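S.K.: Below you will find the structure I want to go over with you.
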Amino acid sequence: MASLISNGHAQSSRESETTQSSDPVVEELEAPLELSPEEIAAEQERQYLASTSEKLAELEQLIRDETKTLNQLLSTAKRSNWTPEFEAAVADQRRHIENLKNSFEQLAIGGANLGLYGLVEEPKDWQEELALVLKPLLENLRGLTEKPRKIENVKRAIEDKRITINSADEALKNLDKFAAEKHSKRVSNELVAMRDKWVEIRADAQRSKELAELELQNLVREQSSWYQAFAEGFKSFAQQRGLTLVIALGFVILIVLVFRILGKIFSSRSKHDRKRANRTTYRILAYTQRLLMFVLIFTSVMVVFFVRGDVLLLALMSVLLFALAIGLKNMLPQFLEESRILLNIGRVREQERVLIKGVPWRVATINFYSKLTNPEIRGTLRLPLSDLKSLTSQPLGDHRWFPSSIGDWVLDDANRLYEVTHQGPVTVELTSAQLTTKLIPTEVYFAAGYVNVSKSKRIRLVGVFGIDYAHQSIALDVVPDKFQAGVLEHLEQANIGTNQIEVKVEFQEAGASSLDYRIIVFVGVAAAKHYYRIGRYIQQACLKVCNQEGWGIPFPQLTVHRGTEINVE
């Protein structure tokens with residue numbers, strides 16, 4: 001049986017051996033310098049077609065020879081009543097002819113069939129790897145690397161067949177050594193059949209190697225004209241996917257323009273009606289309009305992609321829709337709460353009062369970034385909608401918005417006087433009588449409890465002055481009147497910024513070395529910045545009266561300073 005098969009393949013083996021010496025080598029055409037790129041490409045194309053035509057002729061002759069061998073084998077098998085050995089030989093010969101025909105077809109159409117080189121890519125299960133909707137996207141991504149992968153696989157096929165040829169040469173060399181020795185007829189026949197088998201293996205490997213080299217030459221030749229591929233790819237994109245994107249963008253712009261025009265018409269009819277503009281119904285209609293616009297945009301884009309038949313863009317939009325659905329599912333409670341606030345029916349509402357870090361703010365407008373104001377603070381506060389969820393608003397009422405206004409004079413715990421020169425959302429700027437400035441965080445200033453002198457009806461200042469016991473006889477009638485008149489006259493001449501001046505003098509106590517009087521001065525709030533001067537003016541006026549009347553001042557009075565008090569009514 002081995003001799004039958006070997007006789008059938010003898011002719012093909014001899015032809016394969018004759019073609020062994022003409023190994024095609026993939027190399028670039030060394031063009032003369034005077035040839036243009038177009039002429040070089042034409043010459044490469046001519047050489048490729050000539051080489052391919054020669055291989056096609058060889059394959060066609062080989063297919064006819066192998067077909068004759070198959071017919072002879074079938075005749076022999078019929079005479080031998082189709083033994084299992086003949087059935088296996090016929091099946092193997094038919095597979096061999098089928099491979100030759102496939103090689104002829106693939107070489108003629110110029111396509112790379114990895115099955116010809118013994119390299120078959122394993123099929124991938126898309127359901128296990130990714131959802132079916134991602135398949136077009138991944139196929140397009142694979143298409144970007146298709147040419148490099150083909151070149152790499154063909155090179156690997158050439159290397160595998162080269163190894164097979166070397167192995168066959170080594171096997172034939174060893175068989176020739178054994179054939180030179182004397183053997184029995186049966187052993188000799190087996191060696192001959194084995195040698196024919198390895199000759200056929202080498203011929204098949206050589207033929208596959210040549211086909212792979214031709215395919216590699218074709219791929220490299222196509223890859224060399226990258227600028228043509230880029231131009232064709234750009235043209236194809238512009239005519240297909242690019243045009244689809246332009247049409248979709250046109251629909252988006254049209255829908256946005258239409259809804260903006262409708263929104264302007266709707267708002268122009270209600271801009272003079274402030275109550276209507278703040279009503280919940282109006283806000284619901286406004287946001288429903290926006291939602292409808294986004295739905296129409298998404299729908300129109302999907303319809304355009306569907307009509308144009310762009311599977312990749314449909315897959316991308318489906319992925320986007322799926323991601324949005326997952327995100328909305330996880331954020332649904334937060335979305336509902338923010339929607340209630342956005343529609344002005346939640347815990348925070350427009351034109352109401354909220355406390356942020358202890359500072360009151362008026363909710364001017366509610367939007368994705370809400371605007372909050374304070375009548376006494378320069379600047380506004382912008383908060384995202386998510387930050388309003390933790391707040392609760394209340395009606396405005398008659399509450400004060402801030403402890404002071406810009407230009408007011410305030411007293412701290414140490415009875416130091418400051419002018420408020422700036423009030424912002426972040427800091428408050430205070431300037432002392434010595435023209436020193438300090439910045440205080442707004443929330444700290446609000447909670448510090450500064451006394452606002454400028455917001456009172458009038459300012460009450462108290463000073464203490466003592467005279468000698470020698471004037472005890474006039475201490476209860478003459479002295480208080482003289483001090484009252486003297487202090488009043490002195491303050492009126494001092495130009496303290498107000499005409500609202502009232503002075504009261506009361507006998508306070510008989511001290512250890514002096515008769516002490518309490519001088520109480522009431523002035524208007526406009527004199528707040530002269531607080532320190534007024535205290536000095538009280539002492540000056542009392543000393544002037546003593547000098548005019550000749551009243552003595554005890555020694556301790558001259559050395560011990562009795563401070564001036566300030567009170568705000």
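Every chain in the structure tokens takes a letter, A first, then B, and so on in the order presented; its residues are numbered from 1, and the ligands are numbered from 1 following the presented order.
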Going by DSSP on the backbone, which bits of segment 344-535 of chain A are alpha helix (DSSP H)? Write them as a ChimeraX atom specification, please.
M.R.: /A:442-448,478-493,531-535
S.K.: Store the residues picked out above in a file with N, CA, C and O atoms, as a tab-separated table (two decimals), in the first residue's frame.
M.R.:
```tsv
chain	number	residue	atom	x	y	z
A	442	THR	N	-15.56	85.69	58.41
A	442	THR	CA	-16.92	86.22	58.53
A	442	THR	C	-17.71	85.49	59.60
A	442	THR	O	-18.40	86.12	60.42
A	443	GLU	N	-17.63	84.16	59.62
A	443	GLU	CA	-18.42	83.42	60.60
A	443	GLU	C	-17.90	83.66	62.02
A	443	GLU	O	-18.68	83.68	62.99
A	444	VAL	N	-16.57	83.87	62.18
A	444	VAL	CA	-16.01	84.17	63.50
A	444	VAL	C	-16.45	85.54	63.97
A	444	VAL	O	-16.83	85.75	65.13
A	445	TYR	N	-16.44	86.51	63.08
A	445	TYR	CA	-16.88	87.87	63.43
A	445	TYR	C	-18.35	87.88	63.82
A	445	TYR	O	-18.76	88.54	64.77
A	446	PHE	N	-19.15	87.11	63.08
A	446	PHE	CA	-20.59	87.08	63.35
A	446	PHE	C	-20.86	86.54	64.76
A	446	PHE	O	-21.76	87.02	65.45
A	447	ALA	N	-20.08	85.56	65.19
A	447	ALA	CA	-20.32	84.93	66.49
A	447	ALA	C	-19.53	85.58	67.62
A	447	ALA	O	-19.70	85.19	68.78
A	448	ALA	N	-18.67	86.56	67.31
A	448	ALA	CA	-17.79	87.11	68.35
A	448	ALA	C	-18.52	88.04	69.31
A	448	ALA	O	-18.04	88.29	70.42
A	478	VAL	N	-22.98	123.60	93.94
A	478	VAL	CA	-22.24	124.44	93.00
A	478	VAL	C	-21.37	123.59	92.08
A	478	VAL	O	-21.34	123.77	90.85
A	479	VAL	N	-20.61	122.67	92.66
A	479	VAL	CA	-19.64	121.90	91.87
A	479	VAL	C	-20.31	121.11	90.74
A	479	VAL	O	-19.85	121.16	89.59
A	480	PRO	N	-21.41	120.35	90.97
A	480	PRO	CA	-22.02	119.61	89.86
A	480	PRO	C	-22.47	120.50	88.72
A	480	PRO	O	-22.31	120.16	87.54
A	481	ASP	N	-23.04	121.67	89.04
A	481	ASP	CA	-23.51	122.56	87.98
A	481	ASP	C	-22.34	123.10	87.17
A	481	ASP	O	-22.42	123.23	85.94
A	482	LYS	N	-21.24	123.48	87.87
A	482	LYS	CA	-20.09	124.01	87.16
A	482	LYS	C	-19.46	122.95	86.24
A	482	LYS	O	-19.12	123.23	85.08
A	483	PHE	N	-19.35	121.73	86.78
A	483	PHE	CA	-18.79	120.65	85.93
A	483	PHE	C	-19.69	120.38	84.71
A	483	PHE	O	-19.21	120.18	83.60
A	484	GLN	N	-21.00	120.37	84.90
A	484	GLN	CA	-21.94	120.09	83.80
A	484	GLN	C	-21.82	121.15	82.72
A	484	GLN	O	-21.72	120.83	81.52
A	485	ALA	N	-21.81	122.40	83.12
A	485	ALA	CA	-21.73	123.48	82.14
A	485	ALA	C	-20.38	123.46	81.43
A	485	ALA	O	-20.28	123.68	80.20
A	486	GLY	N	-19.30	123.22	82.19
A	486	GLY	CA	-17.97	123.24	81.58
A	486	GLY	C	-17.76	122.10	80.59
A	486	GLY	O	-17.20	122.29	79.50
A	487	VAL	N	-18.21	120.90	80.94
A	487	VAL	CA	-18.06	119.75	80.03
A	487	VAL	C	-18.89	119.96	78.77
A	487	VAL	O	-18.44	119.68	77.64
A	488	LEU	N	-20.13	120.42	78.92
A	488	LEU	CA	-20.99	120.65	77.77
A	488	LEU	C	-20.38	121.67	76.82
A	488	LEU	O	-20.36	121.48	75.60
A	489	GLU	N	-19.89	122.78	77.39
A	489	GLU	CA	-19.29	123.83	76.54
A	489	GLU	C	-18.05	123.28	75.82
A	489	GLU	O	-17.84	123.55	74.63
A	490	HIS	N	-17.23	122.56	76.54
A	490	HIS	CA	-16.00	122.05	75.93
A	490	HIS	C	-16.30	121.08	74.79
A	490	HIS	O	-15.63	121.11	73.74
A	491	LEU	N	-17.27	120.19	74.98
A	491	LEU	CA	-17.62	119.22	73.93
A	491	LEU	C	-18.23	119.90	72.72
A	491	LEU	O	-18.00	119.48	71.57
A	492	GLU	N	-19.03	120.94	72.95
A	492	GLU	CA	-19.63	121.66	71.82
A	492	GLU	C	-18.57	122.36	71.00
A	492	GLU	O	-18.68	122.47	69.77
A	493	GLN	N	-17.52	122.84	71.64
A	493	GLN	CA	-16.46	123.52	70.92
A	493	GLN	C	-15.47	122.53	70.29
A	493	GLN	O	-14.70	122.92	69.40
A	531	TYR	N	-14.56	108.39	70.25
A	531	TYR	CA	-14.75	107.83	71.59
A	531	TYR	C	-13.57	108.15	72.51
A	531	TYR	O	-13.75	108.66	73.62
A	532	TYR	N	-12.35	107.87	72.08
A	532	TYR	CA	-11.19	108.11	72.94
A	532	TYR	C	-11.01	109.61	73.22
A	532	TYR	O	-10.65	110.01	74.33
A	533	ARG	N	-11.28	110.43	72.23
A	533	ARG	CA	-11.14	111.88	72.43
A	533	ARG	C	-12.17	112.40	73.42
A	533	ARG	O	-11.86	113.27	74.25
A	534	ILE	N	-13.39	111.89	73.37
A	534	ILE	CA	-14.42	112.34	74.30
A	534	ILE	C	-14.02	112.05	75.73
A	534	ILE	O	-14.24	112.87	76.65
A	535	GLY	N	-13.44	110.89	75.95
A	535	GLY	CA	-12.97	110.57	77.30
A	535	GLY	C	-11.93	111.57	77.78
A	535	GLY	O	-11.93	111.98	78.95
```
S.K.: Run DSSP on the backbone and tell me which residues of segment 318-439 of chain A come out as strand (DSSP E or B); list them as a PyMOL selection string.
M.R.: chain A and resi 353-356+359-365+369-373+381-384+394+409-411+417-423+427-432+437-439
S.K.: Set the distance at 10 Å and use only C-alpha atoms: which residues neighbour segment 305-309 of chain A once local chain neighbours fewer than 4 positions away are removed? I'd like the list as a ChimeraX atom specification.
M.R.: /A:240-241,243-245,247-248,299-301,313-315,317
S.K.: Can you write just those residues out, all heavy atoms, as an mmCIF file, in the first residue's frame?
M.R.:
```
data_model
loop_
_atom_site.group_PDB
_atom_site.id
_atom_site.type_symbol
_atom_site.label_atom_id
_atom_site.label_comp_id
_atom_site.auth_asym_id
_atom_site.auth_seq_id
_atom_site.Cartn_x
_atom_site.Cartn_y
_atom_site.Cartn_z
ATOM 1 N N GLN A 240 -18.608 58.332 4.873
ATOM 2 C CA GLN A 240 -19.471 57.430 5.638
ATOM 3 C C GLN A 240 -19.668 57.941 7.073
ATOM 4 O O GLN A 240 -20.624 58.661 7.353
ATOM 5 C CB GLN A 240 -18.863 56.024 5.634
ATOM 6 C CG GLN A 240 -18.731 55.423 4.232
ATOM 7 C CD GLN A 240 -18.050 54.072 4.231
ATOM 8 O OE1 GLN A 240 -17.800 53.493 5.283
ATOM 9 N NE2 GLN A 240 -17.709 53.571 3.052
ATOM 10 N N ARG A 241 -18.749 57.604 7.967
ATOM 11 C CA ARG A 241 -18.944 57.950 9.375
ATOM 12 C C ARG A 241 -18.862 59.453 9.617
ATOM 13 O O ARG A 241 -19.596 60.003 10.446
ATOM 14 C CB ARG A 241 -17.906 57.224 10.221
ATOM 15 C CG ARG A 241 -18.083 57.378 11.715
ATOM 16 C CD ARG A 241 -17.375 56.278 12.434
ATOM 17 N NE ARG A 241 -17.954 54.981 12.126
ATOM 18 C CZ ARG A 241 -17.280 53.839 12.112
ATOM 19 N NH1 ARG A 241 -15.989 53.830 12.383
ATOM 20 N NH2 ARG A 241 -17.878 52.694 11.833
ATOM 21 N N LEU A 243 -19.756 61.859 7.547
ATOM 22 C CA LEU A 243 -21.025 62.444 7.116
ATOM 23 C C LEU A 243 -22.128 62.142 8.126
ATOM 24 O O LEU A 243 -22.990 62.996 8.399
ATOM 25 C CB LEU A 243 -21.399 61.895 5.734
ATOM 26 C CG LEU A 243 -22.696 62.421 5.117
ATOM 27 C CD1 LEU A 243 -22.644 63.933 4.972
ATOM 28 C CD2 LEU A 243 -22.966 61.748 3.778
ATOM 29 N N THR A 244 -22.091 60.937 8.691
ATOM 30 C CA THR A 244 -23.091 60.591 9.718
ATOM 31 C C THR A 244 -22.976 61.513 10.929
ATOM 32 O O THR A 244 -23.986 62.007 11.453
ATOM 33 C CB THR A 244 -22.898 59.132 10.157
ATOM 34 O OG1 THR A 244 -23.021 58.273 9.020
ATOM 35 C CG2 THR A 244 -23.934 58.739 11.194
ATOM 36 N N LEU A 245 -21.760 61.776 11.367
ATOM 37 C CA LEU A 245 -21.563 62.664 12.511
ATOM 38 C C LEU A 245 -21.997 64.089 12.194
ATOM 39 O O LEU A 245 -22.564 64.781 13.046
ATOM 40 C CB LEU A 245 -20.090 62.643 12.937
ATOM 41 C CG LEU A 245 -19.589 61.323 13.544
ATOM 42 C CD1 LEU A 245 -18.081 61.391 13.786
ATOM 43 C CD2 LEU A 245 -20.316 61.018 14.846
ATOM 44 N N ILE A 247 -24.337 65.016 10.060
ATOM 45 C CA ILE A 247 -25.811 65.039 10.050
ATOM 46 C C ILE A 247 -26.352 65.046 11.481
ATOM 47 O O ILE A 247 -27.271 65.812 11.810
ATOM 48 C CB ILE A 247 -26.356 63.830 9.264
ATOM 49 C CG1 ILE A 247 -25.946 63.934 7.781
ATOM 50 C CG2 ILE A 247 -27.873 63.745 9.383
ATOM 51 C CD1 ILE A 247 -26.320 62.717 6.963
ATOM 52 N N ALA A 248 -25.782 64.201 12.337
ATOM 53 C CA ALA A 248 -26.232 64.168 13.730
ATOM 54 C C ALA A 248 -25.985 65.506 14.414
ATOM 55 O O ALA A 248 -26.847 66.005 15.159
ATOM 56 C CB ALA A 248 -25.511 63.047 14.489
ATOM 57 N N THR A 299 -32.510 61.058 21.002
ATOM 58 C CA THR A 299 -33.301 60.245 20.075
ATOM 59 C C THR A 299 -32.929 60.518 18.632
ATOM 60 O O THR A 299 -32.786 59.600 17.815
ATOM 61 C CB THR A 299 -34.796 60.508 20.306
ATOM 62 O OG1 THR A 299 -35.125 60.256 21.682
ATOM 63 C CG2 THR A 299 -35.641 59.620 19.411
ATOM 64 N N SER A 300 -32.779 61.798 18.286
ATOM 65 C CA SER A 300 -32.440 62.150 16.906
ATOM 66 C C SER A 300 -31.073 61.599 16.514
ATOM 67 O O SER A 300 -30.885 61.105 15.393
ATOM 68 C CB SER A 300 -32.470 63.666 16.725
ATOM 69 O OG SER A 300 -31.485 64.289 17.541
ATOM 70 N N VAL A 301 -30.120 61.652 17.424
ATOM 71 C CA VAL A 301 -28.795 61.110 17.123
ATOM 72 C C VAL A 301 -28.867 59.599 16.908
ATOM 73 O O VAL A 301 -28.262 59.062 15.964
ATOM 74 C CB VAL A 301 -27.818 61.457 18.266
ATOM 75 C CG1 VAL A 301 -26.496 60.710 18.090
ATOM 76 C CG2 VAL A 301 -27.555 62.948 18.303
ATOM 77 N N LEU A 313 -21.113 53.533 15.866
ATOM 78 C CA LEU A 313 -21.667 54.688 16.577
ATOM 79 C C LEU A 313 -22.903 54.288 17.382
ATOM 80 O O LEU A 313 -23.132 54.796 18.481
ATOM 81 C CB LEU A 313 -22.009 55.798 15.583
ATOM 82 C CG LEU A 313 -20.812 56.439 14.876
ATOM 83 C CD1 LEU A 313 -21.265 57.510 13.899
ATOM 84 C CD2 LEU A 313 -19.851 57.035 15.901
ATOM 85 N N LEU A 314 -23.705 53.368 16.844
ATOM 86 C CA LEU A 314 -24.848 52.870 17.610
ATOM 87 C C LEU A 314 -24.376 52.151 18.878
ATOM 88 O O LEU A 314 -24.967 52.307 19.953
ATOM 89 C CB LEU A 314 -25.676 51.918 16.747
ATOM 90 C CG LEU A 314 -26.719 52.557 15.817
ATOM 91 C CD1 LEU A 314 -27.348 51.500 14.934
ATOM 92 C CD2 LEU A 314 -27.789 53.277 16.628
ATOM 93 N N ALA A 315 -23.291 51.381 18.740
ATOM 94 C CA ALA A 315 -22.764 50.685 19.918
ATOM 95 C C ALA A 315 -22.256 51.673 20.956
ATOM 96 O O ALA A 315 -22.492 51.510 22.154
ATOM 97 C CB ALA A 315 -21.637 49.739 19.488
ATOM 98 N N MET A 317 -23.248 54.814 21.420
ATOM 99 C CA MET A 317 -24.399 55.465 22.038
ATOM 100 C C MET A 317 -25.114 54.516 22.991
ATOM 101 O O MET A 317 -25.614 54.938 24.043
ATOM 102 C CB MET A 317 -25.361 55.960 20.957
ATOM 103 C CG MET A 317 -24.824 57.115 20.127
ATOM 104 S SD MET A 317 -24.498 58.596 21.117
ATOM 105 C CE MET A 317 -26.158 59.053 21.580
#
```
S.K.: Skip segment 503-507 of chain A itself and residues of its chain fewer than 5 positions away, then list as a list in words all residues within 6 Å of it, counting only C-alpha atoms.
M.R.: Pro480, Gln484, Tyr517, Arg518, Ile519, Ile520 and Val521 of chain A
S.K.: Taking only C-alpha atoms into account, produce a table as a tab-separated table in which each residue of segment 346-402 of chain A with an atom at most 7 Å from an atom of segment 424-433 of chain A appears once, together with its shortest atom pair and the distance in Å to one decimal, ordered by chain and rising number.
M.R.:
```
residue	atom	partner	partner_atom	distance
A:Ile377	CA	A:Gly424	CA	5.2
A:Arg378	CA	A:Gly424	CA	5.1
A:Gly379	CA	A:Gly424	CA	6.1
A:Thr380	CA	A:Pro425	CA	6.9
A:Leu381	CA	A:Pro425	CA	6.7
```
S.K.: Keeping only all heavy atoms, write those residues as a JSON list (two decimals), in the first residue's frame.
M.R.:
```json
[["chain", "number", "residue", "atom", "x", "y", "z"],
["A", 377, "ILE", "N", -23.47, 92.22, 53.17],
["A", 377, "ILE", "CA", -22.19, 91.66, 52.74],
["A", 377, "ILE", "C", -22.00, 91.95, 51.26],
["A", 377, "ILE", "O", -22.90, 91.72, 50.45],
["A", 377, "ILE", "CB", -22.14, 90.14, 53.01],
["A", 377, "ILE", "CG1", -22.18, 89.87, 54.51],
["A", 377, "ILE", "CG2", -20.89, 89.52, 52.41],
["A", 377, "ILE", "CD1", -22.18, 88.40, 54.87],
["A", 378, "ARG", "N", -20.83, 92.45, 50.94],
["A", 378, "ARG", "CA", -20.50, 92.68, 49.54],
["A", 378, "ARG", "C", -20.08, 91.37, 48.90],
["A", 378, "ARG", "O", -19.17, 90.70, 49.38],
["A", 378, "ARG", "CB", -19.36, 93.71, 49.42],
["A", 378, "ARG", "CG", -19.78, 95.13, 49.74],
["A", 378, "ARG", "CD", -18.63, 96.09, 49.53],
["A", 378, "ARG", "NE", -19.02, 97.46, 49.81],
["A", 378, "ARG", "CZ", -18.19, 98.51, 49.74],
["A", 378, "ARG", "NH1", -16.93, 98.32, 49.39],
["A", 378, "ARG", "NH2", -18.63, 99.72, 50.01],
["A", 379, "GLY", "N", -20.69, 91.05, 47.79],
["A", 379, "GLY", "CA", -20.40, 89.79, 47.12],
["A", 379, "GLY", "C", -21.51, 88.79, 47.35],
["A", 379, "GLY", "O", -22.39, 88.96, 48.20],
["A", 380, "THR", "N", -21.46, 87.72, 46.57],
["A", 380, "THR", "CA", -22.47, 86.67, 46.64],
["A", 380, "THR", "C", -21.80, 85.34, 46.92],
["A", 380, "THR", "O", -20.58, 85.17, 46.75],
["A", 380, "THR", "CB", -23.26, 86.57, 45.33],
["A", 380, "THR", "OG1", -22.34, 86.29, 44.25],
["A", 380, "THR", "CG2", -24.00, 87.87, 45.04],
["A", 381, "LEU", "N", -22.61, 84.40, 47.35],
["A", 381, "LEU", "CA", -22.14, 83.05, 47.63],
["A", 381, "LEU", "C", -22.76, 82.11, 46.60],
["A", 381, "LEU", "O", -23.98, 82.11, 46.41],
["A", 381, "LEU", "CB", -22.55, 82.65, 49.05],
["A", 381, "LEU", "CG", -21.83, 81.46, 49.68],
["A", 381, "LEU", "CD1", -20.35, 81.75, 49.84],
["A", 381, "LEU", "CD2", -22.46, 81.12, 51.03]]
```
